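Here the structure comes first, spelled out in C-alpha cells, and everything after it is commentary.
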Amino acid sequence: MTPAARLASAASVLDSIAQGRAPADVVLKAWGAANRYAGSKDRRAVAERVYEVLRSRGRLVRAMGGREDGRALVIGSLAFLDSLTLEEIEVLHAGDGYGPRPLSKQERARIEAGEGDLPDWAAAGLPEFVAEDLKATFGERWTEEAKGLMARAPVDLRVNTARTTVAAARAELTASGLTPKLTPWSAVGLRLPSEPAPNVQALKAFNAGELEIQDEGSQIVTWLAGSGLSFTPDSIVVDYCAGGGGKTLALAMLMSPSPLAGEGVGRRPTDEGSRGWSPVAPDGPASGDGETPHPTRSAGHLLPQGEKGNLIACDVVQKRLDNIRPRLERAGVAADLRLLGPNGGGVEEFNGKADLVFVDAPCSGSGSWRRRPEDAWRLKPDEVERLHALQLRILAQAAPLVKRGGWLAYVTCSILTRENEAVADAFEAAHPGFRPIPTTELLTASMLTDAARAGLAALASDSRIRLSPASTQTDGFFAAIYERTQ
C-alpha cells in the first residue's frame, strides 16, 4: 500500500468505529481480514494512525471545525499532530489510485488557520464533562491524569501461582525473546512493553494456564478485597459480577494451593531500586541480577494442599459464564458458575453466609480508556447517571449475602466520581450496618509488595482507594471495602 492508501484506509476504519460499538481493535482486525492485500507493515501503519487520531479526537474535531468524519480527522492529524505543511498534505491527497481525493477549499482553509486557542478539555483529548469531573477530583493534577488516560498502556500479566512461580514465568517469557519486568505493586505481576505488541495468547505459558492478561490495578483491588480472608474449606466467596472472569480467576488463585505449599516461598525486590517483594521459587531469583530471596512469607498465607473454600461466580449473561469455564480449566482452578436473574436472584442460599462478596460493578470503563480510547467519545452524561443507579442497585442486592463479620467489596474500573464516591456515599447512607474498612487495615494482603503498601497508604482517602495511570501507572480503578457489623 502507498502512504496515501494507508491514510484512506485509516479514515475508513475510523468511520466504521464511529458508526458502531465494536472496540477499535476488533474493527481493525475485521478490516485486515477483508483486505488481504494489506501486509503487516500496512496494517501496523493503519492501526497506528487510527489510535493516534482516537487519542487526540477532541483536539482534532475542534481544529477541523467540528467535523467528526474519518477523513477530516486524518487530515487534522497530519497537520496538527505530524506538523506536515499544506503542500506535503496535498501530495498525500492527490486522488491517485487508492489514495484520498484532493483537499477541498474548506479543508485547506482549516489547515492554514491552525488550531488556535483550544479549550482545555479539547487539548486534553477528553469530553468536556469528563474533564470537569477530573478537575473536581484531582485539582491542578487533572491534566496529568487526562494525559495518562490517553497514553499507551503496557501489557500486564498475572502469574498463576496455582501453576507456577513468578521466577519460572519470568524466565520462560525471557527465553521467548520478551522483556518482562516485575510489576512494582502486585507481587505476582509481570509487565511487558506495549511496543512491539506481544502476542501473549500464543505463548506456551499462557496456554498452559501459567499466565493471565490482567492489569496490575485489577490485581491490586482483588488482593485488597481478599486481604481479610484466611481461606478455610468453609470459606464462601461470591464474585457477584464476574463478567469476563479476570478477577474470578484471581480470586480462585488466592483460594487455591500454591505449587510450593510446604516448601516455603521466597520473596525478592520487585524491580531495580524498589523495596517491594514478590513470591519466587526458593532456589533463587528469576534472572542473574544478583538478588537474594528472603523467605519472609508466612505459611499462613498459603493453603495446604486440598484446602479450598467455595468460590461462586455470578453474572446475568449466560454467555459470559460459558466463556469463563475454559479459562478456569486452563488455570487449574475452580468456581461454581451461577446465572443471576434480572433482580439478582439465583444465590439466595448464600444469604448471610459469604465471607467476601466482590462486586466488580458494570461501569463506564473510563479507567481503561488508555486501552480503548474510542470509548471516551461514546460515553454521555446520561449513561453515567444510568450506571450510577444500576451500581447502587447491584450493591444493595449483593449486600444481604455477606455474613456478619464478612466483607463486601465495591470496585469499578472508572475514574468518574458519580460511579465511585457518589455510589459509596449513597450505599453507606442506606446501609449503616456496613463499616467502611480503613485502607490501613487492608495493606496486609500477601500479594502486595512493600512498595504497594507504602504507595497505597499515601494515595488512599481513609477507606477509599483510587488507582490511575498517572498516580499508579495502572488502569483507573476505585475500591471501597466494607465489613458487615449487623
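All residue names refer to the C-alpha cells as shown: chains lettered A, B, ... in order, residues numbered from 1 in each chain, ligands numbered from 1 in order.
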If we count only C-alpha atoms, what is near Gly116 of chain A at a cut-off of 12 Å, once residues fewer than 6 positions away on the same chain are taken out, given as a ChimeraX atom specification? /A:59-60,62-65,80,110,122-123
Surrounding residues of segment 347-353 of chain A excluding itself and chain neighbours under 2 positions, 12 Å, only C-alpha atoms, as an MDAnalysis selection string: chainID A and resid 234:240 310:316 336:341 343:345 355:357 397:408 484:486
Just write the chosen residues, C-alpha atoms, as an mmCIF file, in the first residue's frame.
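Output file selection_1.cif follows:
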data_model
loop_
_atom_site.group_PDB
_atom_site.id
_atom_site.type_symbol
_atom_site.label_atom_id
_atom_site.label_comp_id
_atom_site.auth_asym_id
_atom_site.auth_seq_id
_atom_site.Cartn_x
_atom_site.Cartn_y
_atom_site.Cartn_z
ATOM 1 C CA ASP A 234 -15.757 -23.474 54.671
ATOM 2 C CA SER A 235 -14.956 -20.051 53.217
ATOM 3 C CA ILE A 236 -17.547 -18.689 50.802
ATOM 4 C CA VAL A 237 -16.537 -16.047 48.259
ATOM 5 C CA VAL A 238 -19.045 -14.622 45.788
ATOM 6 C CA ASP A 239 -17.899 -12.787 42.669
ATOM 7 C CA TYR A 240 -21.236 -11.114 42.074
ATOM 8 C CA ASN A 310 -16.110 -22.142 47.807
ATOM 9 C CA LEU A 311 -15.997 -19.576 45.008
ATOM 10 C CA ILE A 312 -19.285 -18.668 43.349
ATOM 11 C CA ALA A 313 -19.024 -16.629 40.144
ATOM 12 C CA CYS A 314 -22.224 -14.925 39.037
ATOM 13 C CA ASP A 315 -23.448 -12.985 36.048
ATOM 14 C CA VAL A 316 -26.723 -12.092 34.354
ATOM 15 C CA ASP A 336 -19.374 -22.570 40.828
ATOM 16 C CA LEU A 337 -20.889 -20.591 37.947
ATOM 17 C CA ARG A 338 -24.345 -19.135 38.644
ATOM 18 C CA LEU A 339 -26.707 -17.305 36.316
ATOM 19 C CA LEU A 340 -28.463 -14.457 38.109
ATOM 20 C CA GLY A 341 -31.951 -13.238 37.394
ATOM 21 C CA ASN A 343 -33.135 -8.718 40.128
ATOM 22 C CA GLY A 344 -30.137 -10.652 41.426
ATOM 23 C CA GLY A 345 -31.935 -13.898 42.202
ATOM 24 C CA ASP A 355 -17.071 -14.282 53.856
ATOM 25 C CA LEU A 356 -16.477 -11.987 50.888
ATOM 26 C CA VAL A 357 -18.803 -10.621 48.239
ATOM 27 C CA GLN A 397 -28.723 -6.671 46.053
ATOM 28 C CA ALA A 398 -25.343 -8.178 46.899
ATOM 29 C CA ALA A 399 -25.164 -6.885 50.482
ATOM 30 C CA PRO A 400 -27.514 -9.486 52.080
ATOM 31 C CA LEU A 401 -25.152 -12.275 51.006
ATOM 32 C CA VAL A 402 -22.455 -11.068 53.410
ATOM 33 C CA LYS A 403 -22.322 -12.724 56.823
ATOM 34 C CA ARG A 404 -21.732 -10.702 59.982
ATOM 35 C CA GLY A 405 -18.010 -10.033 60.081
ATOM 36 C CA GLY A 406 -17.741 -10.709 56.346
ATOM 37 C CA TRP A 407 -16.575 -8.233 53.732
ATOM 38 C CA LEU A 408 -18.277 -6.507 50.821
ATOM 39 C CA ARG A 484 -20.822 -6.202 57.868
ATOM 40 C CA THR A 485 -21.305 -5.408 61.541
ATOM 41 C CA GLN A 486 -25.011 -6.148 61.988
#
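Closest approach to Ala454 of chain A among A:Ser227, A:Val53, A:Ala389, A:Thr440 is made by A:Thr440 (distances from only C-alpha atoms).
Nearest residue to Ala124 of chain A, choosing from A:Ser77, A:Ser56, A:Arg67, A:Arg108 and counting only C-alpha atoms: A:Ser56.
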Residues of segment 198-268 of chain A in strand (DSSP E) according to DSSP, as number ranges by chain? A: 211-213, 236-239, 266-268
Just to be explicit: take each residue in the selection above, keep C-alpha atoms, and write the result as an mmCIF file, in the first residue's frame.
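Final output, out_26.cif:
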data_model
loop_
_atom_site.group_PDB
_atom_site.id
_atom_site.type_symbol
_atom_site.label_atom_id
_atom_site.label_comp_id
_atom_site.auth_asym_id
_atom_site.auth_seq_id
_atom_site.Cartn_x
_atom_site.Cartn_y
_atom_site.Cartn_z
ATOM 1 C CA LEU A 211 -0.240 -16.552 32.897
ATOM 2 C CA GLU A 212 -3.314 -14.376 32.574
ATOM 3 C CA ILE A 213 -3.568 -10.947 30.980
ATOM 4 C CA ILE A 236 -17.547 -18.689 50.802
ATOM 5 C CA VAL A 237 -16.537 -16.047 48.259
ATOM 6 C CA VAL A 238 -19.045 -14.622 45.788
ATOM 7 C CA ASP A 239 -17.899 -12.787 42.669
ATOM 8 C CA GLY A 266 10.915 -16.763 48.729
ATOM 9 C CA ARG A 267 10.344 -13.068 48.068
ATOM 10 C CA ARG A 268 12.605 -10.525 46.477
#
Can you pull out every residue within 7 Å of Cys363 of chain A, counting only C-alpha atoms, but drop anything in the same chain fewer than 6 positions away, and send it as a VMD selection string? chain A and resid 387 412 to 414
Include N, CA and C atoms and write out the residues we just selected as an mmCIF file, in the first residue's frame.
data_model
loop_
_atom_site.group_PDB
_atom_site.id
_atom_site.type_symbol
_atom_site.label_atom_id
_atom_site.label_comp_id
_atom_site.auth_asym_id
_atom_site.auth_seq_id
_atom_site.Cartn_x
_atom_site.Cartn_y
_atom_site.Cartn_z
ATOM 1 N N LEU A 387 -25.715 4.315 34.898
ATOM 2 C CA LEU A 387 -24.786 3.400 35.556
ATOM 3 C C LEU A 387 -24.769 3.609 37.066
ATOM 4 N N THR A 412 -14.877 -0.517 40.769
ATOM 5 C CA THR A 412 -15.134 -0.146 39.373
ATOM 6 C C THR A 412 -13.815 0.101 38.664
ATOM 7 N N CYS A 413 -13.864 0.025 37.334
ATOM 8 C CA CYS A 413 -12.711 0.470 36.536
ATOM 9 C C CYS A 413 -13.070 1.808 35.901
ATOM 10 N N SER A 414 -13.566 2.709 36.750
ATOM 11 C CA SER A 414 -13.986 4.040 36.306
ATOM 12 C C SER A 414 -13.167 5.100 37.035
#
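Note that atom CA of Ala5 of chain A and atom CA of Gly99 of chain A are 4.3 Å apart.
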Excluding same-chain residues fewer than 4 positions from Leu203 of chain A, what lies within 9 Å of it counting only C-alpha atoms, as a PyMOL selection string? chain A and resi 173+176+199+207-208
For Ala151 of chain A: contacts at 6 Å, only C-alpha atoms, fewer than 2 positions along chain excluded, given as a VMD selection string: chain A and resid 148 to 149 370
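If only C-alpha atoms are the atoms counted, then among A:Ile111, A:Ala197, A:Ala79, A:Met150 the closest residue to Glu374 of chain A is A:Met150.
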Would you please give, as a PyMOL selection string, all residues of segment 291-433 of chain A that DSSP assigns to alpha helix (DSSP H) based on the backbone? chain A and resi 318-331+381-398+421-430
Using C-alpha atoms, can you export the residues from the last selection as a PDB file, in the first residue's frame?
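Saved to selection-v9.pdb:
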ATOM      1  CA  GLN A 318     -25.009 -16.991  30.385  1.00  0.00           C
ATOM      2  CA  LYS A 319     -22.527 -16.499  27.541  1.00  0.00           C
ATOM      3  CA  ARG A 320     -20.133 -14.704  29.868  1.00  0.00           C
ATOM      4  CA  LEU A 321     -20.263 -17.597  32.315  1.00  0.00           C
ATOM      5  CA  ASP A 322     -19.725 -20.075  29.481  1.00  0.00           C
ATOM      6  CA  ASN A 323     -16.610 -18.145  28.462  1.00  0.00           C
ATOM      7  CA  ILE A 324     -15.213 -18.318  31.999  1.00  0.00           C
ATOM      8  CA  ARG A 325     -15.372 -22.121  32.164  1.00  0.00           C
ATOM      9  CA  PRO A 326     -12.453 -22.872  29.780  1.00  0.00           C
ATOM     10  CA  ARG A 327     -10.388 -20.164  31.466  1.00  0.00           C
ATOM     11  CA  LEU A 328     -10.871 -21.844  34.841  1.00  0.00           C
ATOM     12  CA  GLU A 329      -9.908 -25.206  33.379  1.00  0.00           C
ATOM     13  CA  ARG A 330      -6.786 -23.805  31.752  1.00  0.00           C
ATOM     14  CA  ALA A 331      -5.752 -22.150  35.022  1.00  0.00           C
ATOM     15  CA  PRO A 381     -23.576  12.087  30.859  1.00  0.00           C
ATOM     16  CA  ASP A 382     -26.966  10.353  30.850  1.00  0.00           C
ATOM     17  CA  GLU A 383     -25.244   6.968  30.547  1.00  0.00           C
ATOM     18  CA  VAL A 384     -23.174   7.780  33.648  1.00  0.00           C
ATOM     19  CA  GLU A 385     -26.383   8.534  35.545  1.00  0.00           C
ATOM     20  CA  ARG A 386     -27.889   5.240  34.397  1.00  0.00           C
ATOM     21  CA  LEU A 387     -24.786   3.400  35.556  1.00  0.00           C
ATOM     22  CA  HIS A 388     -24.838   5.156  38.937  1.00  0.00           C
ATOM     23  CA  ALA A 389     -28.360   3.900  39.598  1.00  0.00           C
ATOM     24  CA  LEU A 390     -27.506   0.402  38.381  1.00  0.00           C
ATOM     25  CA  GLN A 391     -24.357   0.203  40.503  1.00  0.00           C
ATOM     26  CA  LEU A 392     -26.196   1.247  43.633  1.00  0.00           C
ATOM     27  CA  ARG A 393     -28.963  -1.288  42.962  1.00  0.00           C
ATOM     28  CA  ILE A 394     -26.475  -4.115  42.385  1.00  0.00           C
ATOM     29  CA  LEU A 395     -24.544  -3.255  45.539  1.00  0.00           C
ATOM     30  CA  ALA A 396     -27.763  -3.289  47.573  1.00  0.00           C
ATOM     31  CA  GLN A 397     -28.723  -6.671  46.053  1.00  0.00           C
ATOM     32  CA  ALA A 398     -25.343  -8.178  46.899  1.00  0.00           C
ATOM     33  CA  GLU A 421     -17.517   8.102  45.614  1.00  0.00           C
ATOM     34  CA  ALA A 422     -21.143   9.006  44.893  1.00  0.00           C
ATOM     35  CA  VAL A 423     -22.173   5.341  44.877  1.00  0.00           C
ATOM     36  CA  ALA A 424     -20.187   4.645  48.059  1.00  0.00           C
ATOM     37  CA  ASP A 425     -21.758   7.664  49.777  1.00  0.00           C
ATOM     38  CA  ALA A 426     -25.278   6.562  48.877  1.00  0.00           C
ATOM     39  CA  PHE A 427     -24.660   2.952  49.905  1.00  0.00           C
ATOM     40  CA  GLU A 428     -23.206   3.936  53.278  1.00  0.00           C
ATOM     41  CA  ALA A 429     -26.130   6.252  53.991  1.00  0.00           C
ATOM     42  CA  ALA A 430     -28.630   3.459  53.287  1.00  0.00           C
TER      43      ALA A 430
END
Across A:Pro184, A:Pro3, A:Gly217, A:Gly177, the smallest distance to Pro198 of chain A, with only C-alpha atoms counted, is shown by A:Gly177
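One distance worth recording is that between atom CA of Leu126 of chain A and atom CA of Ser368 of chain A, which is 13.3 Å.
Each of A:Ala4, A:Val61, A:Ala187, A:Ala34 was checked against Arg101 of chain A using only C-alpha atoms; the smallest atom-to-atom distance is that of A:Ala4.
For the atom pair formed by atom CA of Ala252 of chain A and atom CA of Phe231 of chain A, the distance is 10.8 Å, given to one decimal.
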Contacts of segment 23-25 of chain A at 10 Å (only C-alpha atoms; same-chain gap of 6+ positions) as a ChimeraX atom specification: /A:13-14,16-17,31,47,50-51,54,371-375
